[in-house]
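Participant: What follows is run_8.txt, compact mmCIF, C-alpha atoms.
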# COMPACT_ATOMS: atom_id res chain seq x y z
CA MET A 99 96.24 109.34 101.32
CA ARG A 100 93.04 109.87 99.36
CA TYR A 101 89.88 108.05 100.40
CA LEU A 102 86.79 107.70 98.21
CA PHE A 103 83.44 106.93 99.89
CA SER A 104 80.07 106.15 98.38
CA GLY A 105 76.75 105.24 99.96
CA GLY A 106 73.45 107.02 100.05
CA GLY A 107 69.76 107.36 99.47
CA SER A 108 69.11 107.14 103.23
CA GLY A 109 70.83 107.95 106.50
CA GLY A 110 71.31 104.21 107.00
CA HIS A 111 73.87 104.14 104.21
CA ILE A 112 75.45 107.56 104.80
CA PHE A 113 76.05 107.57 108.57
CA PRO A 114 78.20 104.39 108.54
CA ALA A 115 80.38 105.93 105.80
CA ILE A 116 80.79 109.11 107.84
CA ALA A 117 81.59 107.11 110.99
CA ILE A 118 84.36 105.20 109.18
CA ALA A 119 85.72 108.36 107.54
CA GLU A 120 85.83 110.16 110.90
CA GLU A 121 87.97 107.35 112.35
CA ILE A 122 90.34 107.48 109.37
CA ARG A 123 90.61 111.24 109.81
CA LYS A 124 91.74 110.73 113.43
CA ILE A 125 94.48 108.33 112.31
CA ASP A 126 95.56 109.96 109.05
CA LYS A 127 95.72 113.70 109.80
CA GLU A 128 96.58 114.56 106.18
CA ALA A 129 93.83 112.44 104.64
CA GLU A 130 91.77 113.75 101.73
CA PHE A 131 88.20 112.57 101.28
CA LEU A 132 85.67 112.55 98.47
CA PHE A 133 82.10 111.27 98.88
CA ILE A 134 80.05 110.43 95.80
CA GLY A 135 76.30 110.42 96.37
CA ALA A 136 73.06 110.46 94.40
CA LYS A 137 71.79 113.77 93.09
CA GLY A 138 68.76 115.09 94.97
CA ARG A 139 69.06 112.68 97.90
CA ILE A 140 69.58 113.23 101.62
CA GLU A 141 73.38 112.91 101.38
CA GLU A 142 73.45 116.39 99.81
CA LYS A 143 72.59 117.71 103.28
CA ILE A 144 74.31 115.22 105.58
CA VAL A 145 77.76 114.88 103.99
CA PRO A 146 78.68 118.60 103.76
CA SER A 147 77.30 119.21 107.26
CA ASN A 148 79.87 116.70 108.51
CA ASN A 149 82.69 118.58 106.73
CA PHE A 150 83.29 116.18 103.86
CA ARG A 151 83.43 117.07 100.17
CA LEU A 152 80.55 115.67 98.10
CA GLU A 153 80.08 115.15 94.38
CA THR A 154 76.85 113.70 92.98
CA ILE A 155 75.80 111.49 90.11
CA ASP A 156 72.35 111.20 88.52
CA ILE A 157 71.29 107.69 89.44
CA SER A 158 68.20 106.04 90.94
CA GLY A 159 67.22 102.63 92.20
CA ILE A 160 64.70 100.20 90.74
CA ASP A 161 61.07 101.33 91.12
CA ARG A 162 59.33 98.13 92.23
CA SER A 163 55.85 99.67 92.22
CA LYS A 164 55.94 101.16 88.68
CA ILE A 165 57.95 98.93 86.36
CA LEU A 166 57.67 101.34 83.40
CA ASN A 167 59.61 103.95 85.38
CA ASN A 168 62.69 101.73 85.06
CA THR A 169 63.01 101.94 81.27
CA MET A 170 65.66 104.66 81.43
CA LEU A 171 67.76 102.99 84.14
CA PRO A 172 70.30 101.41 81.71
CA VAL A 173 70.95 104.81 80.12
CA LYS A 174 71.24 106.45 83.54
CA PHE A 175 73.64 103.76 84.68
CA LEU A 176 75.92 104.22 81.66
CA LYS A 177 75.97 107.99 82.16
CA ALA A 178 76.70 107.47 85.86
CA LEU A 179 79.63 105.20 84.97
CA MET A 180 81.09 107.90 82.72
CA ARG A 181 80.69 110.54 85.43
CA CYS A 182 82.24 108.19 88.03
CA ARG A 183 85.24 107.49 85.79
CA LYS A 184 85.88 111.22 85.43
CA LEU A 185 85.48 111.95 89.17
CA ILE A 186 87.65 109.02 90.22
CA ARG A 187 90.41 109.77 87.71
CA ASN A 188 90.51 113.40 88.86
CA PHE A 189 90.56 112.53 92.56
CA ALA A 190 92.93 109.54 92.16
CA PRO A 191 91.93 107.71 95.39
CA ASP A 192 94.18 105.18 97.10
CA VAL A 193 91.15 103.17 98.21
CA ALA A 194 87.35 103.18 97.68
CA VAL A 195 84.71 102.35 100.31
CA GLY A 196 81.05 101.56 99.62
CA THR A 197 78.41 101.39 102.34
CA GLY A 198 75.36 100.41 100.29
CA GLY A 199 72.53 102.02 98.40
CA PHE A 200 72.17 102.05 94.64
CA VAL A 201 74.62 104.95 94.25
CA CYS A 202 77.62 102.94 95.37
CA GLY A 203 77.07 100.42 92.55
CA PRO A 204 78.55 102.46 89.68
CA VAL A 205 81.12 104.11 91.97
CA ILE A 206 82.69 100.93 93.37
CA TYR A 207 82.30 99.09 90.05
CA THR A 208 84.29 101.84 88.31
CA ALA A 209 86.91 101.88 91.08
CA ASN A 210 87.38 98.13 90.58
CA LEU A 211 87.80 98.59 86.83
CA LEU A 212 90.47 101.23 87.47
CA GLY A 213 92.42 98.91 89.77
CA ILE A 214 91.66 100.77 93.00
CA PRO A 215 91.39 98.58 96.15
CA THR A 216 87.79 98.43 97.36
CA LEU A 217 86.00 97.66 100.61
CA ILE A 218 82.23 97.35 100.90
CA GLN A 219 80.21 97.24 104.11
CA GLU A 220 76.80 95.60 104.59
CA GLY A 221 75.02 96.09 107.89
CA ASN A 222 71.73 94.38 107.04
CA SER A 223 71.08 90.72 107.75
CA PHE A 224 70.07 90.27 104.10
CA ALA A 225 72.65 91.49 101.60
CA GLY A 226 71.16 93.90 99.06
CA LYS A 227 71.49 93.50 95.28
CA THR A 228 74.21 96.16 95.02
CA ILE A 229 76.35 94.56 97.73
CA LYS A 230 75.85 91.06 96.24
CA PHE A 231 77.00 92.32 92.85
CA LEU A 232 80.00 94.24 94.17
CA SER A 233 81.11 91.55 96.64
CA ARG A 234 82.43 89.32 93.87
CA LYS A 235 85.21 91.77 92.98
CA ALA A 236 85.71 93.70 96.23
CA ASN A 237 88.98 93.20 98.10
CA LYS A 238 87.17 93.18 101.43
CA VAL A 239 83.52 92.71 102.41
CA VAL A 240 82.55 93.73 105.96
CA ILE A 241 79.31 92.21 107.27
CA ASN A 242 77.45 92.67 110.54
CA PHE A 243 75.62 89.33 110.85
CA GLU A 244 77.03 85.81 110.48
CA GLU A 245 73.89 84.83 108.55
CA THR A 246 74.70 87.37 105.81
CA LYS A 247 77.41 85.02 104.52
CA LYS A 248 74.85 82.70 102.96
CA TYR A 249 73.76 85.46 100.53
CA LEU A 250 77.29 86.05 99.21
CA LYS A 251 78.88 83.65 96.73
CA ARG A 252 82.48 84.56 97.54
CA LYS A 253 83.59 83.86 101.13
CA ASP A 254 87.36 84.48 101.17
CA ASN A 255 87.08 88.29 101.31
CA ILE A 256 84.56 88.46 104.20
CA VAL A 257 85.24 89.86 107.67
CA ILE A 258 82.60 90.23 110.41
CA ILE A 259 82.58 93.58 112.24
CA SER A 260 79.59 95.21 113.94
CA HIS A 261 77.76 97.96 112.05
CA PRO A 262 79.44 101.33 112.77
CA ILE A 263 77.51 104.15 114.42
CA ARG A 264 78.16 107.88 114.52
CA SER A 265 80.52 109.08 117.23
CA SER A 266 78.22 111.96 118.22
CA LEU A 267 75.88 109.56 120.07
CA VAL A 268 76.41 109.85 123.83
CA ARG A 269 73.96 108.77 126.53
CA THR A 270 73.07 111.65 128.85
CA ASP A 271 71.07 111.87 132.10
CA LYS A 272 67.50 110.62 131.53
CA LYS A 273 65.72 113.27 133.61
CA GLU A 274 67.72 116.15 132.10
CA SER A 275 67.22 114.78 128.58
CA THR A 276 63.46 114.51 129.09
CA GLU A 277 63.26 118.04 130.48
CA PHE A 278 65.29 119.26 127.45
CA PHE A 279 62.10 118.60 125.45
CA GLY A 280 59.95 120.47 128.00
CA LEU A 281 58.51 117.30 129.50
CA ASP A 282 58.15 116.08 133.09
CA GLY A 283 61.27 114.02 133.88
CA LYS A 284 59.34 111.90 136.40
CA ASN A 285 57.06 110.37 133.74
CA LYS A 286 57.85 107.36 131.56
CA THR A 287 58.75 108.51 128.05
CA ILE A 288 58.35 107.02 124.58
CA PHE A 289 60.38 108.24 121.60
CA ILE A 290 58.93 107.54 118.14
CA PHE A 291 60.73 108.10 114.86
CA GLY A 292 60.51 106.73 111.35
CA GLY A 293 63.97 107.59 110.10
CA SER A 294 65.11 110.88 108.61
CA GLN A 295 62.03 111.10 106.34
CA GLY A 296 59.38 109.95 108.82
CA ALA A 297 57.17 106.86 108.39
CA ARG A 298 53.48 107.12 107.51
CA GLY A 299 52.68 103.57 108.70
CA ILE A 300 54.18 104.20 112.13
CA ASN A 301 52.56 107.62 112.42
CA GLU A 302 49.09 106.27 111.72
CA ASN A 303 49.46 103.59 114.39
CA ILE A 304 50.83 106.04 116.96
CA ASP A 305 47.86 108.30 116.27
CA ARG A 306 45.58 105.41 117.32
CA VAL A 307 47.22 104.96 120.75
CA LEU A 308 48.23 108.51 121.67
CA GLU A 309 45.06 109.39 123.55
CA GLU A 310 45.52 106.39 125.85
CA LEU A 311 49.23 107.16 126.41
CA TYR A 312 48.31 110.72 127.37
CA ARG A 313 45.64 109.43 129.76
CA ILE A 314 48.12 107.24 131.67
CA ASN A 315 50.68 110.07 131.99
CA VAL A 316 53.26 108.84 129.47
CA ASN A 317 55.42 111.41 127.74
CA VAL A 318 55.75 111.12 123.97
CA ILE A 319 58.52 112.57 121.78
CA TRP A 320 57.35 112.06 118.21
CA GLN A 321 59.47 112.79 115.14
CA THR A 322 56.80 112.70 112.44
CA GLY A 323 58.87 113.68 109.40
CA LYS A 324 58.02 116.61 107.14
CA SER A 325 54.89 115.28 105.41
CA ASP A 326 52.90 114.50 108.60
CA PHE A 327 54.22 117.22 110.90
CA GLU A 328 51.54 119.88 110.34
CA LYS A 329 48.63 117.42 110.57
CA TYR A 330 49.62 115.96 113.94
CA SER A 331 51.06 119.11 115.49
CA VAL A 332 47.68 120.79 114.95
CA LYS A 333 45.69 117.77 116.16
CA TYR A 334 47.64 117.44 119.44
CA ARG A 335 48.33 121.11 120.10
CA GLU A 336 46.33 121.01 123.34
CA SER A 337 48.35 118.03 124.63
CA ALA A 338 51.79 119.65 124.40
CA ASP A 339 52.42 119.19 128.14
CA LYS A 340 53.05 115.48 127.51
CA ILE A 341 53.27 115.13 123.73
CA LYS A 342 56.09 116.82 121.79
CA ILE A 343 55.66 116.59 118.03
CA LEU A 344 58.69 117.52 115.96
CA GLU A 345 59.41 117.40 112.24
CA PHE A 346 63.04 116.39 112.78
CA ILE A 347 65.26 116.04 115.86
CA ASP A 348 68.85 117.25 115.68
CA ASN A 349 69.68 116.25 119.28
CA ILE A 350 68.76 112.62 118.75
CA ASP A 351 71.10 111.49 121.55
CA LYS A 352 68.88 113.39 124.01
CA ALA A 353 65.76 111.73 122.59
CA TYR A 354 67.39 108.30 122.93
CA SER A 355 68.50 109.11 126.49
CA SER A 356 65.05 110.26 127.57
CA ALA A 357 63.21 107.19 126.32
CA ASP A 358 61.98 104.20 128.28
CA ILE A 359 60.77 102.77 124.95
CA LEU A 360 61.70 103.59 121.36
CA ILE A 361 59.34 102.82 118.48
CA CYS A 362 60.91 102.86 115.03
CA ARG A 363 61.58 101.08 111.75
CA ALA A 364 64.15 98.28 111.53
CA GLY A 365 66.82 99.87 109.37
CA ILE A 366 70.16 98.55 110.52
CA THR A 367 71.60 101.93 111.52
CA SER A 368 68.63 102.60 113.81
CA ILE A 369 68.94 99.11 115.30
CA MET A 370 72.67 99.45 116.00
CA GLU A 371 72.22 102.92 117.51
CA ILE A 372 69.54 101.45 119.79
CA ALA A 373 71.96 98.66 120.74
CA PHE A 374 74.78 101.13 121.39
CA MET A 375 72.51 103.26 123.59
CA LYS A 376 71.15 100.12 125.34
CA SER A 377 67.58 101.17 124.65
CA VAL A 378 64.34 99.19 124.73
CA ALA A 379 62.81 99.16 121.27
CA ILE A 380 59.61 98.09 119.58
CA LEU A 381 60.57 97.62 115.93
CA ILE A 382 57.96 98.02 113.19
CA PRO A 383 59.73 96.91 109.98
CA LEU A 384 58.97 98.71 106.73
CA PRO A 385 56.78 96.14 104.92
CA THR A 386 57.91 97.32 101.46
CA SER A 387 61.67 97.23 102.15
CA ALA A 388 63.75 95.54 99.44
CA GLU A 389 63.74 91.75 99.85
CA ASN A 390 61.92 92.37 103.15
CA HIS A 391 65.34 93.11 104.70
CA GLN A 392 63.91 95.18 107.57
CA GLU A 393 61.88 92.30 108.94
CA LEU A 394 64.92 90.03 108.60
CA ASN A 395 66.97 92.60 110.56
CA ALA A 396 64.28 92.82 113.23
CA ARG A 397 63.92 89.04 113.57
CA SER A 398 67.72 88.68 113.92
CA ILE A 399 67.63 91.07 116.89
CA GLU A 400 64.41 89.61 118.33
CA LYS A 401 65.80 86.06 118.48
CA ARG A 402 68.70 87.44 120.53
CA GLY A 403 66.22 89.03 122.98
CA GLY A 404 67.30 92.56 122.03
CA ALA A 405 63.97 94.02 120.83
CA VAL A 406 60.24 93.43 120.42
CA VAL A 407 58.93 93.15 116.84
CA VAL A 408 55.43 94.24 115.82
CA LEU A 409 54.57 93.98 112.12
CA GLN A 410 52.79 96.98 110.65
CA ASN A 411 49.68 94.98 109.74
CA GLU A 412 49.46 93.77 113.36
CA ALA A 413 50.18 97.09 115.04
CA LYS A 414 46.53 98.12 115.37
CA ASP A 415 45.96 95.20 117.76
CA LYS A 416 49.42 94.63 119.27
CA LEU A 417 51.26 97.95 119.56
CA LEU A 418 49.53 99.36 122.65
CA LEU A 419 49.55 95.95 124.38
CA ASN A 420 53.34 95.69 123.96
CA ILE A 421 53.90 99.28 125.11
CA ILE A 422 51.89 98.72 128.31
CA LYS A 423 53.59 95.36 128.93
CA ILE A 424 57.10 96.85 128.77
CA LEU A 425 56.19 99.96 130.79
CA ASN A 426 54.85 97.75 133.59
CA ASP A 427 57.63 95.12 133.60
CA ASP A 428 61.03 96.49 134.64
CA ASP A 429 62.63 93.03 134.52
CA LEU A 430 61.57 92.61 130.88
CA ALA A 431 62.86 96.09 130.01
CA ASP A 432 66.20 95.42 131.71
CA SER A 433 66.58 92.10 129.88
CA ILE A 434 65.94 93.74 126.48
CA LYS A 435 68.47 96.50 127.28
CA GLU A 436 71.13 94.00 128.28
CA ASN A 437 70.61 91.83 125.21
CA ALA A 438 70.53 94.82 122.87
CA GLY A 439 73.78 96.13 124.32
CA LYS A 440 75.56 92.87 123.45
CA LEU A 441 75.00 93.56 119.74
CA ALA A 442 76.92 96.83 119.63
CA ASP A 443 80.65 97.36 119.28
CA PRO A 444 81.74 100.96 120.05
CA GLU A 445 85.02 100.22 118.23
CA ALA A 446 83.33 99.08 114.99
CA ALA A 447 84.09 102.20 112.95
CA PHE A 448 87.72 102.17 114.16
CA LYS A 449 88.07 98.49 113.20
CA ILE A 450 86.64 99.04 109.72
CA ALA A 451 88.89 102.07 109.26
CA GLY A 452 91.81 99.75 110.04
CA GLU A 453 90.67 97.33 107.31
CA VAL A 454 90.46 100.22 104.83
CA MET A 455 93.97 101.38 105.65
CA LYS A 456 95.33 97.82 105.38
CA LEU A 457 94.20 97.77 101.74
CA ILE A 458 96.36 100.83 101.02
CA LYS A 459 99.40 99.24 102.67
CA LYS A 460 98.83 96.06 100.68
CA LYS A 461 98.63 98.10 97.46
CA ASN A 462 101.85 99.93 98.24
Mind converting the file's structure to structure tokens?
Facilitator:
Amino acid sequence: MRYLFSGGGSGGHIFPAIAIAEEIRKIDKEAEFLFIGAKGRIEEKIVPSNNFRLETIDISGIDRSKILNNTMLPVKFLKALMRCRKLIRNFAPDVAVGTGGFVCGPVIYTANLLGIPTLIQEGNSFAGKTIKFLSRKANKVVINFEETKKYLKRKDNIVIISHPIRSSLVRTDKKESTEFFGLDGKNKTIFIFGGSQGARGINENIDRVLEELYRINVNVIWQTGKSDFEKYSVKYRESADKIKILEFIDNIDKAYSSADILICRAGITSIMEIAFMKSVAILIPLPTSAENHQELNARSIEKRGGAVVVLQNEAKDKLLLNIIKILNDDDLADSIKENAGKLADPEAAFKIAGEVMKLIKKKN
């Protein structure tokens, strides 16, 4: 069978697609896959590195900060539709899967027009514009949170399955994982990351508290992203015995495993990986995320006792206080771990793969 996947613009949309495709590959040994992503985006690196074929279309999302930059979007969208039609006709998929991001809009829309069964997956608490639009015609809509239903007009095609995470994540020994980064395994450790591109707002707030963390013998593993790496690696060069500053971390499972606390954004893929790894997290939602979906994600987890939320505009006053509180309260940390773990379903990708394959059987 031939499986078409689309999702991109960030790791949060690509990794779920790869997780589902990997499960299908285990079941259907002869499966053929095609991913369609956005030209110039991170999927150009991630998809081929996971041994899947990728084609790209020239498409971009709405620029909310500079409205005039959107004047060419209708033309881009029409060209993207034409390119999608050609790619889809040539590949002739049996089913199409969309995991969010603006790129999956024209792809899944075209697949629907061509009569191909479609499944879309939304991990965020708040359904994005693309998913809302596509959900009206999709054969199956997979959501992560019960509360997402209220944002979707059609209800009869909805199924609730936890957000899928990549199969490469495995918890390893904490002491060994910490020492992998050249740090003392006896110290408490904090892992900070802002997603695959880094996060300036998080980095600036970590910079404010790093001197104090160093003073109280806390290890820090800090993925700064490309744009801030040189600045902070130079600034904290003399503190490398406790502070490891990295542009990007390939062995993220080791970073997760080493950490007593994680500090990160509230993208749903990061949240569900934290839940799967049963980690203690302080979430700092991206304040400019579309429809404020990151804060909605974070609040959904917080009300279940699975994380601590600190808004970016409050971090200057509250971040260090929350770090110290968790480091000094093992009962609190254990409670957060237990509650976070309840949110994850290790079988999620397998279950969604099953829903995808059901659509093919129904078609045939």
Participant: Out of A:Ala379, A:Ala194, A:Ile125, A:Ala119, which residue has the shortest atom-to-atom distance to Glu400 in chain A when counting all atoms listed in the file?
Facilitator: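 Using all atoms listed in the file, Glu400 in chain A sits closest to A:Ala379.
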Participant: Any idea what the distance is between CA of Ser108 in chain A and CA of Val145 in chain A?
Facilitator: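 Distance between the two atoms: 11.6 Å.
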Participant: Using only C-alpha atoms, which of the listed residues (A:His391, A:Lys342, A:Arg298, A:Lys253) sits closest to Leu281 in chain A?
Facilitator: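 The answer is A:Lys342, which sits nearest to Leu281 in chain A.
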Participant: From the set A:Asn222, A:Asn426, A:Thr216, A:Gln321, which residue has the shortest atom-to-atom contact distance to Lys286 in chain A, counting all atoms listed in the file?
Facilitator: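 Distance minimum relative to Lys286 in chain A lands on A:Asn426.
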Participant: So which one's closest to Lys376 in chain A, A:Leu311, A:Val332, A:Val268, A:Ile341? Using all atoms listed in the file, please.
Facilitator: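 Under the stated criterion, the closest residue is A:Val268.
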Participant: List the neighbours of Val407 in chain A out to 7 Å using all atoms listed in the file; skip same-chain residues closer than 4 positions along the sequence, and give me the result as a short mmCIF file (atom, residue, chain, number, x, y, z; two decimals) with C-alpha atoms, keeping the file's coordinate frame.
Facilitator:
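Here's the written file around-v5.cif:
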data_model
loop_
_atom_site.label_atom_id
_atom_site.label_comp_id
_atom_site.auth_asym_id
_atom_site.auth_seq_id
_atom_site.Cartn_x
_atom_site.Cartn_y
_atom_site.Cartn_z
CA ILE A 380 59.61 98.09 119.58
CA LEU A 381 60.57 97.62 115.93
CA ILE A 382 57.96 98.02 113.19
CA ALA A 396 64.28 92.82 113.23
CA GLU A 400 64.41 89.61 118.33
#
Participant: Rank A:Ala438, A:Val454, A:Val408, A:Ala178 by their smallest atom-to-atom distance to Ala236 in chain A, using only C-alpha atoms, and report the top residue only.
Facilitator: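 Distance minimum relative to Ala236 in chain A lands on A:Val454.
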Participant: Given the point (69.3, 109.7, 122.5) in the file's coordinates, find the residues that have an atom at most 9 Å from it, counting only C-alpha atoms, and give them as a PyMOL selection string.
Facilitator: chain A and resi 267-270+275+349-357+371-372+375+377
Participant: So that I can check the surroundings of Ser223 in chain A, please list as number ranges by chain every protein, DNA and RNA residue that reaches within 10 Å of it, counting only C-alpha atoms and ignoring chain neighbours fewer than 6 positions away.
Facilitator: A: 241-247, 249, 366, 391-399
Participant: Rounded to one decimal in Å, what is the spacing between CA of Gly106 in chain A and CA of Arg139 in chain A?
Facilitator: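 We find that CA of Gly106 in chain A and CA of Arg139 in chain A lie 7.5 Å from each other.
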Participant: Near range 187-192 of chain A, within 6 Å and counting all atoms listed in the file, which residues show up once chain neighbours fewer than 3 positions away are dropped, as a PyMOL selection string?
Facilitator: chain A and resi 100-102+183-184
Participant: Go ahead and write the residues just picked, C-alpha atoms, as a PDB file, in the coordinates of the input.
Facilitator:
ATOM      1  CA  ARG A 100      93.040 109.870  99.360  1.00  0.00           C
ATOM      2  CA  TYR A 101      89.880 108.050 100.400  1.00  0.00           C
ATOM      3  CA  LEU A 102      86.790 107.700  98.210  1.00  0.00           C
ATOM      4  CA  ARG A 183      85.240 107.490  85.790  1.00  0.00           C
ATOM      5  CA  LYS A 184      85.880 111.220  85.430  1.00  0.00           C
TER       6      LYS A 184
END
Participant: Quote the spacing between CA of Ile157 in chain A and CA of Leu171 in chain A in Å to one decimal place.
Facilitator: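 These two atoms are separated by 7.9 Å.
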Participant: Can you pull out the residues contacting Gly283 in chain A? Cut-off 10 Å, using only C-alpha atoms, and skip same-chain residues under 2 positions away; I want them as a list in words.
Facilitator: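 Within the cut-off, the hits are Lys272, Lys273, Glu274, Ser275, Thr276, Glu277, Phe278, Phe279, Gly280, Leu281, Asn285, Lys286, Thr287, Asn317 and Ser356 of chain A.
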